[in-house]
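In what follows, a structure is listed as structure tokens, so that the remarks can point back to it.
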Amino acid sequence: MTKIIVAKFGGSSMADAVAMRRSANVALEHKANLVTVSATYGTTNNLIKLSKTALTSDWEACEVIVNEIIEKHHSIASDLGLTDLTELDKLLSEVKTISKGINLLRDCSAKAFDAIQSLGERMSSLLFTRALELAWEGNKTVSNFDIRKVLRTDDQFGKAQPIIKEIRSLCNEHLSKCKTGEEIYVTQGFIGQSEDGHTTTLGRGGSDYSAALIAEGLGADILQIWTDVAGIATTDPRIVPEAKLMSEITFSEAAELATFGAKILHPTTLTPALREGISVYVGSSYEPHATGTWIKGECSDAPLIRAMAIKKEQSLLTLSTPKMLHSHGFLYEIFKIFNQYKVSVDSITTSEISVSLTVEDSTLLNKKLITELETLATVKVEENLCLVSLIGNNINHTAGLAGQIFNALGDINVRMICLGASKHNFCFLVDASRAHEAVQKLHTHFIGE
Ligand code: ADP
Ligand code: ASP
Ligand code: MG
């Protein structure tokens with residue numbers, strides 16, 4: 001039986017008409033049944049900038065950004081020979097209308113913010129549909145599909161959670177034609193729709209996750225993530241140019257890498273793939289014939305250190321109170337508050353009278369959270385930190401590993417350390433100004449030049 005393939009192309013694969021045509025050929029050659037795309041390169045950032053400008057500045061400043069977005073999309077459309085601009089212009093005028101609304105009211109609700117961000121993917125998918133039609137040369141029907149018909153989420157705007165059961169049944173209802181190969185569908189990553197019909201987003205970088213959710217809903221065999229690097233490397237090549245591409249990595253290792261900051265995959269991408277046993281491939285749309293990386297249940301080797309990652313913009317909160325001494329229920333009280341504010345904690349260590357935990361810097365904007373924590377303990381906040389992670393195997397049972405790590409780090413001061421909870425991960429906090437240097441030193445020691 002022929003395999004069902006979902007292919008996802010990120011923003012750099014949608015940069016301009018040339019990148020789109022190249023990506024269309026990749027989708028064609030790799031036999032995608034359904035393609036999910038990100039917004040064109042830089043457009044999500046531009047839409048966010050537009051919303052913020054609309055909140056604080058006059059319309060003239062907003063218009064500059066609106067015009068930039070219009071020009072970029074018109075220019076790609078023209079390079080692709082798209083003559084009927086009705087649909088695209090409808091979306092472009094939505095960009096203008098929503099930003100005008102934000103500007104007039106000086107208010108940008110989470111719902112409006114998601115609505116405006118969604119336009120990036122909605123526009124790029126229209127353009128990519130055209131690119132794919134050119135690649136198919138009329139051999140097959142290419143349809144632009146509105147993912148909001150199937151990607152049902154809750155209404156946590158900006159970080160919407162998918163409703164898996166509904167997605168599955170809606171995929172069954174709406175996507176059967178692409179399963180048989182009769183049609184190829186082009187659809188939007190990153191966006192969904194709440195049960196009462198509002199557009200939501202899955203969080204920055206969420207197109208990977210969308211593709212995995214649709215692959216799950218379709219019962220796909222393979223999920224291909226096409227990006228600007230030829231697979232997953234031992235660390236971000238922008239930090240360590242000598243980073244080595246890996247031909248394979250396990251699901252557990254890749255999930256740790258993504259959770260601990262490797263931008264190559266959105267942190268939750270692998271959850272649907274694991275649930276359904278979907279094979280995941282990461283490759284470059286610029287070099288589609290390079291080996292790329294397969295994410296697998298098991299690999300041919302299980303090295304102590306396979307890769308490393310950095311999670312930026314971390315803050316360390318230390319809560320101290322003598323009330324913790326020989327008492328119980330204190331952690332419960334703390335986490336009740338984090339739960340109430342929907343804040344996720346990445347790592348934690350405790351001593352007799354204090355608890356240290358890491359959160360994203362942006363969490364600190366929520367003054368109420370801190371005030372509430374202060375009713376339980378004194379709260380010390382340290383900002384501008386990065387969480388550095390080493391990812392591999394048997395990490396919590398290997399004698400001498402911590403010694404090697406601290407030796408390699410030399411004079412870089414280490415704040416909190418987390419070791420023991422996972423056999424795949426050793427992570428610690430360092431000052432942001434030394435995080436790249438820390439990864440470079442560890443990479444040289446464990447992976448080599
Ligand atoms: P896309 O727009 O295709 O989703 P992203 O920019 O989100 O692409 O992700 C690709 C980027 O992830 C790469 O350009 C690279 O800088 C970064 N990256 C971080 N960690 C890794 C890693 N371990 N291997 C490869 N790339 C990584
Ligand atoms: N366009 C969205 C972003 O830039 C989603 C994605 O590209 O994955 O965050
Ligand atoms: Mg991405």
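Every chain in the structure tokens takes a letter, A first, then B, and so on in the order presented; its residues are numbered from 1, and the ligands are numbered from 1 following the presented order.
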Non-local contacts of Pro237 in chain A (12 Å; only C-alpha atoms; under 3 positions in same chain excluded) as a PyMOL selection string:
chain A and resi 228-234+240-245+262-264+307-309+436+439-440+443
For the selection just defined, write its residues with N, CA and C atoms to a file, as a tab-separated table (two decimals), in the first residue's frame.
```tsv
chain	number	residue	atom	x	y	z
A	228	ASP	N	15.50	24.78	7.06
A	228	ASP	CA	16.66	25.40	6.40
A	228	ASP	C	17.98	24.73	6.77
A	229	VAL	N	17.94	23.64	7.53
A	229	VAL	CA	19.16	22.87	7.83
A	229	VAL	C	18.90	21.42	7.43
A	230	ALA	N	19.96	20.72	7.05
A	230	ALA	CA	19.78	19.38	6.49
A	230	ALA	C	19.63	18.32	7.59
A	231	GLY	N	18.79	18.61	8.59
A	231	GLY	CA	18.52	17.63	9.64
A	231	GLY	C	18.84	18.19	11.02
A	232	ILE	N	18.72	17.32	12.01
A	232	ILE	CA	19.00	17.73	13.39
A	232	ILE	C	20.50	17.57	13.63
A	233	ALA	N	21.11	18.62	14.16
A	233	ALA	CA	22.55	18.59	14.42
A	233	ALA	C	22.81	18.41	15.91
A	234	THR	N	24.08	18.16	16.23
A	234	THR	CA	24.44	17.91	17.63
A	234	THR	C	24.18	19.14	18.50
A	240	VAL	N	27.33	26.69	17.29
A	240	VAL	CA	28.57	25.93	17.09
A	240	VAL	C	28.62	25.51	15.61
A	241	PRO	N	29.37	26.25	14.79
A	241	PRO	CA	29.39	25.92	13.35
A	241	PRO	C	29.88	24.50	13.07
A	242	GLU	N	30.66	23.90	14.00
A	242	GLU	CA	31.16	22.53	13.77
A	242	GLU	C	30.12	21.47	14.13
A	243	ALA	N	28.94	21.89	14.57
A	243	ALA	CA	27.91	20.92	14.96
A	243	ALA	C	27.71	19.90	13.84
A	244	LYS	N	27.51	18.64	14.23
A	244	LYS	CA	27.43	17.58	13.21
A	244	LYS	C	25.98	17.16	12.99
A	245	LEU	N	25.63	16.98	11.72
A	245	LEU	CA	24.27	16.51	11.43
A	245	LEU	C	24.17	15.04	11.83
A	262	ALA	N	15.83	23.51	21.49
A	262	ALA	CA	16.30	23.43	20.10
A	262	ALA	C	15.16	23.86	19.17
A	263	LYS	N	15.37	24.98	18.50
A	263	LYS	CA	14.29	25.59	17.71
A	263	LYS	C	13.88	24.72	16.51
A	264	ILE	N	14.73	23.78	16.17
A	264	ILE	CA	14.45	22.96	14.99
A	264	ILE	C	13.08	22.27	15.05
A	307	ALA	N	23.65	15.16	21.99
A	307	ALA	CA	23.42	16.52	21.49
A	307	ALA	C	23.26	17.47	22.67
A	308	MET	N	23.21	18.77	22.37
A	308	MET	CA	22.98	19.75	23.44
A	308	MET	C	22.14	20.91	22.94
A	309	ALA	N	21.50	21.58	23.91
A	309	ALA	CA	20.59	22.67	23.52
A	309	ALA	C	20.65	23.80	24.54
A	436	HIS	N	26.43	30.66	25.26
A	436	HIS	CA	26.99	30.14	24.00
A	436	HIS	C	28.37	29.53	24.24
A	439	VAL	N	28.09	26.11	25.76
A	439	VAL	CA	27.75	25.05	24.79
A	439	VAL	C	28.95	24.76	23.88
A	440	GLN	N	29.67	25.82	23.49
A	440	GLN	CA	30.84	25.59	22.63
A	440	GLN	C	31.87	24.70	23.36
A	443	HIS	N	30.53	21.15	23.65
A	443	HIS	CA	30.51	20.50	22.34
A	443	HIS	C	31.91	20.01	21.98
```
I'd like a table as CSV: residues in chain A with an atom no more than 8 Å from ligand 2, each row giving the shortest atom pair and its distance in Å to one decimal, only C-alpha atoms and all ligand atoms counted, sorted by chain and rising residue number.
```
residue,atom,partner,partner_atom_place_in_ligand_line,distance
A:Gly10,CA,ligand 2,7 (O),5.5
A:Gly11,CA,ligand 2,7 (O),5.5
A:Val37,CA,ligand 2,7 (O),7.8
A:Ser38,CA,ligand 2,7 (O),4.5
A:Ala39,CA,ligand 2,1 (N),4.7
A:Thr40,CA,ligand 2,1 (N),7.6
A:Tyr41,CA,ligand 2,4 (O),7.8
A:Gly42,CA,ligand 2,4 (O),7.2
A:Thr43,CA,ligand 2,1 (N),7.3
A:Thr44,CA,ligand 2,4 (O),4.9
A:Asn45,CA,ligand 2,4 (O),6.6
A:Gln117,CA,ligand 2,1 (N),7.9
A:Gly120,CA,ligand 2,1 (N),6.7
A:Glu121,CA,ligand 2,1 (N),6.5
A:Gly189,CA,ligand 2,5 (C),6.6
A:Phe190,CA,ligand 2,5 (C),4.9
A:Gly203,CA,ligand 2,9 (O),6.6
A:Arg204,CA,ligand 2,9 (O),3.4
A:Gly205,CA,ligand 2,8 (O),3.2
A:Gly206,CA,ligand 2,8 (O),4.3
A:Ser207,CA,ligand 2,8 (O),3.7
A:Asp208,CA,ligand 2,8 (O),5.8
A:Tyr209,CA,ligand 2,8 (O),7.9
A:His266,CA,ligand 2,8 (O),7.5
```
Quick one: write out the picked residues with N, CA and C atoms as a short mmCIF file (atom, residue, chain, number, x, y, z; two decimals), in the first residue's frame?
```cif
data_model
loop_
_atom_site.label_atom_id
_atom_site.label_comp_id
_atom_site.auth_asym_id
_atom_site.auth_seq_id
_atom_site.Cartn_x
_atom_site.Cartn_y
_atom_site.Cartn_z
N GLY A 10 8.73 25.19 6.67
CA GLY A 10 8.81 26.33 7.57
C GLY A 10 8.98 27.65 6.82
N GLY A 11 9.11 28.72 7.59
CA GLY A 11 9.16 30.07 7.02
C GLY A 11 10.28 30.27 6.01
N VAL A 37 2.07 24.64 5.73
CA VAL A 37 3.11 25.66 5.58
C VAL A 37 3.06 26.70 6.68
N SER A 38 4.23 27.29 6.93
CA SER A 38 4.33 28.42 7.84
C SER A 38 4.10 29.70 7.04
N ALA A 39 4.02 30.81 7.76
CA ALA A 39 3.95 32.12 7.10
C ALA A 39 5.25 32.36 6.34
N THR A 40 5.23 33.27 5.37
CA THR A 40 6.47 33.58 4.66
C THR A 40 7.47 34.15 5.67
N TYR A 41 8.74 33.98 5.36
CA TYR A 41 9.81 34.30 6.31
C TYR A 41 9.66 35.72 6.88
N GLY A 42 9.62 35.82 8.19
CA GLY A 42 9.55 37.14 8.85
C GLY A 42 8.15 37.72 8.98
N THR A 43 7.15 37.08 8.35
CA THR A 43 5.81 37.69 8.37
C THR A 43 5.14 37.60 9.74
N THR A 44 5.29 36.48 10.45
CA THR A 44 4.68 36.41 11.80
C THR A 44 5.28 37.51 12.67
N ASN A 45 6.60 37.67 12.60
CA ASN A 45 7.25 38.74 13.40
C ASN A 45 6.69 40.10 13.00
N GLN A 117 -2.29 37.25 13.68
CA GLN A 117 -1.14 36.37 13.39
C GLN A 117 -1.52 35.27 12.39
N GLY A 120 -0.73 35.33 8.42
CA GLY A 120 0.55 34.96 7.80
C GLY A 120 0.44 33.62 7.11
N GLU A 121 -0.04 32.61 7.84
CA GLU A 121 -0.15 31.26 7.30
C GLU A 121 -1.26 31.19 6.24
N GLY A 189 -0.10 25.87 8.80
CA GLY A 189 0.39 25.45 10.10
C GLY A 189 -0.02 26.49 11.13
N PHE A 190 0.27 26.22 12.39
CA PHE A 190 0.24 27.23 13.46
C PHE A 190 -1.16 27.61 13.94
N GLY A 203 1.02 28.72 19.41
CA GLY A 203 2.26 29.22 20.00
C GLY A 203 3.35 29.31 18.95
N ARG A 204 4.35 30.17 19.19
CA ARG A 204 5.40 30.40 18.20
C ARG A 204 6.07 29.08 17.80
N GLY A 205 6.35 28.98 16.53
CA GLY A 205 6.97 27.77 16.00
C GLY A 205 6.00 26.59 15.90
N GLY A 206 4.69 26.88 16.08
CA GLY A 206 3.71 25.80 16.20
C GLY A 206 3.36 25.04 14.93
N SER A 207 3.90 25.45 13.78
CA SER A 207 3.56 24.73 12.54
C SER A 207 4.02 23.28 12.55
N ASP A 208 5.13 23.03 13.23
CA ASP A 208 5.60 21.63 13.33
C ASP A 208 4.53 20.79 14.03
N TYR A 209 4.00 21.38 15.11
CA TYR A 209 2.99 20.68 15.90
C TYR A 209 1.72 20.47 15.08
N HIS A 266 9.24 22.27 17.29
CA HIS A 266 8.38 22.79 18.36
C HIS A 266 8.30 21.69 19.44
#
```
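Rounded to one decimal, CA of Gly261 in chain A and CA of Asn384 in chain A lie 15.2 Å from each other.
Residue nearest Asn139 in chain A within the list A:Asp154, A:Asp196, A:Glu182, A:Asp236: A:Glu182 [criterion: smallest interatomic distance, only C-alpha atoms].
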May I have the residues within 12 Å of range 358-365 of chain A as a ChimeraX atom specification, using only C-alpha atoms and disregarding those fewer than 3 positions away in the same chain?
/A:260-261,311-319,338,341-349,355,368-371,373,379-387,415-418,427-430,432
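Closest approach to Ala160 in chain A among A:Lys177, A:His445, A:Lys296, A:His198: A:His198, based on only C-alpha atoms.
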If DSSP is run on the backbone, what residues of range 90-201 of chain A are alpha helix (DSSP H)? A reply as a count of residues only would be ideal.
58
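When DSSP reads the backbone of this structure, the residues of range 133-181 of chain A it assigns to strand (DSSP E) are Thr141, Val142, Ser143, Asn144, Phe145, Arg152 and Thr153 of chain A.
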Output N, CA and C atoms for every residue in that selection, as a PDB file, in the first residue's frame.
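Okay, this is what ended up in selection01.pdb:
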```
ATOM      1  N   THR A 141      -5.084  17.617  -8.883  1.00  0.00           N
ATOM      2  CA  THR A 141      -5.768  18.781  -8.318  1.00  0.00           C
ATOM      3  C   THR A 141      -5.066  19.208  -7.039  1.00  0.00           C
ATOM      4  N   VAL A 142      -4.749  20.471  -6.963  1.00  0.00           N
ATOM      5  CA  VAL A 142      -4.148  21.010  -5.738  1.00  0.00           C
ATOM      6  C   VAL A 142      -5.203  21.891  -5.084  1.00  0.00           C
ATOM      7  N   SER A 143      -5.518  21.616  -3.804  1.00  0.00           N
ATOM      8  CA  SER A 143      -6.557  22.416  -3.140  1.00  0.00           C
ATOM      9  C   SER A 143      -6.002  23.102  -1.914  1.00  0.00           C
ATOM     10  N   ASN A 144      -6.411  24.373  -1.768  1.00  0.00           N
ATOM     11  CA  ASN A 144      -6.054  25.080  -0.547  1.00  0.00           C
ATOM     12  C   ASN A 144      -7.125  24.732   0.484  1.00  0.00           C
ATOM     13  N   PHE A 145      -6.679  24.155   1.602  1.00  0.00           N
ATOM     14  CA  PHE A 145      -7.639  23.684   2.598  1.00  0.00           C
ATOM     15  C   PHE A 145      -7.524  24.526   3.869  1.00  0.00           C
ATOM     16  N   ARG A 152      -9.301  21.518  15.716  1.00  0.00           N
ATOM     17  CA  ARG A 152     -10.102  22.046  16.817  1.00  0.00           C
ATOM     18  C   ARG A 152      -9.224  22.203  18.059  1.00  0.00           C
ATOM     19  N   THR A 153      -9.354  23.356  18.731  1.00  0.00           N
ATOM     20  CA  THR A 153      -8.545  23.600  19.938  1.00  0.00           C
ATOM     21  C   THR A 153      -9.436  24.158  21.043  1.00  0.00           C
TER      22      THR A 153
END
```
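Shortest atom-to-atom contact with Ala32 in chain A among A:Ser78, A:Ser169, A:Gln224, A:Ser125: A:Gln224, counting only C-alpha atoms.
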If we count only C-alpha atoms and set the cut-off at 12 Å, which residues sit around Ile48 in chain A, ignoring sequence neighbours fewer than 2 positions away in its own chain? Please answer as number ranges by chain.
A: 42-46, 50-55, 62, 65-66, 69, 95, 99, 102, 108, 110, 112-120, 158, 204
Those same residues - N, CA and C atoms - I'd like them written as a PDB file, in the first residue's frame.
```pdb
ATOM      1  N   GLY A  42       9.617  35.821   8.190  1.00  0.00           N
ATOM      2  CA  GLY A  42       9.551  37.141   8.853  1.00  0.00           C
ATOM      3  C   GLY A  42       8.148  37.716   8.984  1.00  0.00           C
ATOM      4  N   THR A  43       7.149  37.077   8.345  1.00  0.00           N
ATOM      5  CA  THR A  43       5.809  37.686   8.366  1.00  0.00           C
ATOM      6  C   THR A  43       5.142  37.603   9.741  1.00  0.00           C
ATOM      7  N   THR A  44       5.288  36.481  10.446  1.00  0.00           N
ATOM      8  CA  THR A  44       4.679  36.408  11.796  1.00  0.00           C
ATOM      9  C   THR A  44       5.282  37.509  12.672  1.00  0.00           C
ATOM     10  N   ASN A  45       6.605  37.670  12.598  1.00  0.00           N
ATOM     11  CA  ASN A  45       7.254  38.739  13.396  1.00  0.00           C
ATOM     12  C   ASN A  45       6.692  40.096  13.003  1.00  0.00           C
ATOM     13  N   ASN A  46       6.475  40.281  11.711  1.00  0.00           N
ATOM     14  CA  ASN A  46       5.966  41.564  11.225  1.00  0.00           C
ATOM     15  C   ASN A  46       4.530  41.819  11.691  1.00  0.00           C
ATOM     16  N   LEU A  50       3.311  44.760  14.002  1.00  0.00           N
ATOM     17  CA  LEU A  50       2.177  45.603  13.600  1.00  0.00           C
ATOM     18  C   LEU A  50       1.183  45.755  14.754  1.00  0.00           C
ATOM     19  N   SER A  51       0.850  44.641  15.418  1.00  0.00           N
ATOM     20  CA  SER A  51      -0.111  44.708  16.539  1.00  0.00           C
ATOM     21  C   SER A  51       0.427  45.604  17.636  1.00  0.00           C
ATOM     22  N   LYS A  52       1.724  45.470  17.922  1.00  0.00           N
ATOM     23  CA  LYS A  52       2.306  46.268  19.021  1.00  0.00           C
ATOM     24  C   LYS A  52       2.357  47.746  18.640  1.00  0.00           C
ATOM     25  N   THR A  53       2.685  47.994  17.364  1.00  0.00           N
ATOM     26  CA  THR A  53       2.729  49.391  16.896  1.00  0.00           C
ATOM     27  C   THR A  53       1.326  49.991  16.952  1.00  0.00           C
ATOM     28  N   ALA A  54       0.333  49.183  16.568  1.00  0.00           N
ATOM     29  CA  ALA A  54      -1.049  49.667  16.569  1.00  0.00           C
ATOM     30  C   ALA A  54      -1.503  50.047  17.980  1.00  0.00           C
ATOM     31  N   LEU A  55      -0.957  49.373  18.959  1.00  0.00           N
ATOM     32  CA  LEU A  55      -1.329  49.660  20.353  1.00  0.00           C
ATOM     33  C   LEU A  55      -0.737  50.969  20.851  1.00  0.00           C
ATOM     34  N   CYS A  62       1.722  52.346  11.586  1.00  0.00           N
ATOM     35  CA  CYS A  62       1.176  51.006  11.278  1.00  0.00           C
ATOM     36  C   CYS A  62       1.148  50.791   9.762  1.00  0.00           C
ATOM     37  N   ILE A  65       4.108  49.302   8.085  1.00  0.00           N
ATOM     38  CA  ILE A  65       4.251  47.830   8.212  1.00  0.00           C
ATOM     39  C   ILE A  65       3.217  47.121   7.327  1.00  0.00           C
ATOM     40  N   VAL A  66       1.993  47.639   7.327  1.00  0.00           N
ATOM     41  CA  VAL A  66       0.950  47.029   6.483  1.00  0.00           C
ATOM     42  C   VAL A  66       1.426  47.019   5.027  1.00  0.00           C
ATOM     43  N   ILE A  69       3.962  44.371   4.294  1.00  0.00           N
ATOM     44  CA  ILE A  69       3.347  43.033   4.192  1.00  0.00           C
ATOM     45  C   ILE A  69       2.643  42.886   2.827  1.00  0.00           C
ATOM     46  N   VAL A  95      -5.710  42.133   7.304  1.00  0.00           N
ATOM     47  CA  VAL A  95      -4.547  42.603   8.083  1.00  0.00           C
ATOM     48  C   VAL A  95      -4.769  44.071   8.437  1.00  0.00           C
ATOM     49  N   SER A  99      -5.710  45.539  12.274  1.00  0.00           N
ATOM     50  CA  SER A  99      -4.738  46.442  12.905  1.00  0.00           C
ATOM     51  C   SER A  99      -5.346  47.829  13.123  1.00  0.00           C
ATOM     52  N   ILE A 102      -7.336  47.585  16.295  1.00  0.00           N
ATOM     53  CA  ILE A 102      -6.456  47.622  17.478  1.00  0.00           C
ATOM     54  C   ILE A 102      -6.022  49.065  17.723  1.00  0.00           C
ATOM     55  N   CYS A 108      -5.574  45.276  22.251  1.00  0.00           N
ATOM     56  CA  CYS A 108      -5.347  44.079  21.437  1.00  0.00           C
ATOM     57  C   CYS A 108      -5.613  42.869  22.318  1.00  0.00           C
ATOM     58  N   ALA A 110      -6.256  38.916  23.320  1.00  0.00           N
ATOM     59  CA  ALA A 110      -5.548  37.710  22.887  1.00  0.00           C
ATOM     60  C   ALA A 110      -6.219  37.140  21.634  1.00  0.00           C
ATOM     61  N   ALA A 112      -7.832  38.892  19.265  1.00  0.00           N
ATOM     62  CA  ALA A 112      -7.467  39.717  18.101  1.00  0.00           C
ATOM     63  C   ALA A 112      -6.022  39.426  17.688  1.00  0.00           C
ATOM     64  N   PHE A 113      -5.172  39.223  18.675  1.00  0.00           N
ATOM     65  CA  PHE A 113      -3.757  38.959  18.404  1.00  0.00           C
ATOM     66  C   PHE A 113      -3.604  37.654  17.610  1.00  0.00           C
ATOM     67  N   ASP A 114      -4.371  36.631  17.981  1.00  0.00           N
ATOM     68  CA  ASP A 114      -4.330  35.369  17.231  1.00  0.00           C
ATOM     69  C   ASP A 114      -4.908  35.554  15.830  1.00  0.00           C
ATOM     70  N   ALA A 115      -5.979  36.335  15.746  1.00  0.00           N
ATOM     71  CA  ALA A 115      -6.621  36.536  14.437  1.00  0.00           C
ATOM     72  C   ALA A 115      -5.628  37.184  13.469  1.00  0.00           C
ATOM     73  N   ILE A 116      -4.912  38.189  13.943  1.00  0.00           N
ATOM     74  CA  ILE A 116      -3.986  38.880  13.030  1.00  0.00           C
ATOM     75  C   ILE A 116      -2.791  37.984  12.689  1.00  0.00           C
ATOM     76  N   GLN A 117      -2.288  37.249  13.678  1.00  0.00           N
ATOM     77  CA  GLN A 117      -1.143  36.371  13.387  1.00  0.00           C
ATOM     78  C   GLN A 117      -1.520  35.265  12.394  1.00  0.00           C
ATOM     79  N   SER A 118      -2.773  34.816  12.457  1.00  0.00           N
ATOM     80  CA  SER A 118      -3.181  33.700  11.591  1.00  0.00           C
ATOM     81  C   SER A 118      -3.084  34.058  10.112  1.00  0.00           C
ATOM     82  N   LEU A 119      -3.112  35.373   9.830  1.00  0.00           N
ATOM     83  CA  LEU A 119      -3.126  35.782   8.419  1.00  0.00           C
ATOM     84  C   LEU A 119      -1.834  35.427   7.695  1.00  0.00           C
ATOM     85  N   GLY A 120      -0.730  35.334   8.422  1.00  0.00           N
ATOM     86  CA  GLY A 120       0.550  34.962   7.798  1.00  0.00           C
ATOM     87  C   GLY A 120       0.443  33.616   7.111  1.00  0.00           C
ATOM     88  N   GLY A 158      -3.205  32.101  21.786  1.00  0.00           N
ATOM     89  CA  GLY A 158      -1.750  32.244  21.884  1.00  0.00           C
ATOM     90  C   GLY A 158      -1.044  30.949  22.252  1.00  0.00           C
ATOM     91  N   ARG A 204       4.350  30.171  19.194  1.00  0.00           N
ATOM     92  CA  ARG A 204       5.401  30.402  18.203  1.00  0.00           C
ATOM     93  C   ARG A 204       6.065  29.085  17.796  1.00  0.00           C
TER      94      ARG A 204
END
```
Test item: residues at most 10 Å from Ser327 in chain A, only C-alpha atoms, excluding those fewer than 3 positions along its chain, as a ChimeraX atom specification
/A:322-324,330,352-353
Set the distance at 10 Å and use only C-alpha atoms: which residues neighbour Asn407 in chain A once local chain neighbours fewer than 6 positions away are removed? I'd like the list as a VMD selection string.
chain A and resid 401 441 to 442 445
Identify, on the basis of only C-alpha atoms, every residue whose closest approach to range 389-400 of chain A does not exceed 7 Å; exclude the query and any residue fewer than 6 positions from it along the same chain; express the result as a ChimeraX atom specification.
/A:253,256-257,260,302-310,419-420,422-428
File of the preceding selection, C-alpha atoms, as an mmCIF file, in the first residue's frame:
```
data_model
loop_
_atom_site.group_PDB
_atom_site.id
_atom_site.type_symbol
_atom_site.label_atom_id
_atom_site.label_comp_id
_atom_site.auth_asym_id
_atom_site.auth_seq_id
_atom_site.Cartn_x
_atom_site.Cartn_y
_atom_site.Cartn_z
ATOM 1 C CA GLU A 253 16.310 12.340 22.712
ATOM 2 C CA GLU A 256 14.287 16.414 25.147
ATOM 3 C CA LEU A 257 16.152 18.563 22.602
ATOM 4 C CA PHE A 260 14.975 22.213 26.146
ATOM 5 C CA ALA A 302 23.035 5.082 22.332
ATOM 6 C CA PRO A 303 25.857 7.511 23.108
ATOM 7 C CA LEU A 304 26.211 9.068 26.546
ATOM 8 C CA ILE A 305 25.982 12.551 25.016
ATOM 9 C CA ARG A 306 24.232 12.796 21.647
ATOM 10 C CA ALA A 307 23.423 16.524 21.493
ATOM 11 C CA MET A 308 22.984 19.753 23.435
ATOM 12 C CA ALA A 309 20.591 22.673 23.524
ATOM 13 C CA ILE A 310 20.048 26.098 25.040
ATOM 14 C CA LEU A 419 20.328 15.692 37.223
ATOM 15 C CA GLY A 420 18.686 12.435 38.047
ATOM 16 C CA SER A 422 15.827 11.719 33.348
ATOM 17 C CA LYS A 423 18.323 9.265 31.949
ATOM 18 C CA HIS A 424 18.371 11.427 28.827
ATOM 19 C CA ASN A 425 19.086 14.876 30.256
ATOM 20 C CA PHE A 426 21.514 16.847 32.408
ATOM 21 C CA CYS A 427 20.718 20.540 32.567
ATOM 22 C CA PHE A 428 21.949 23.579 34.408
#
```
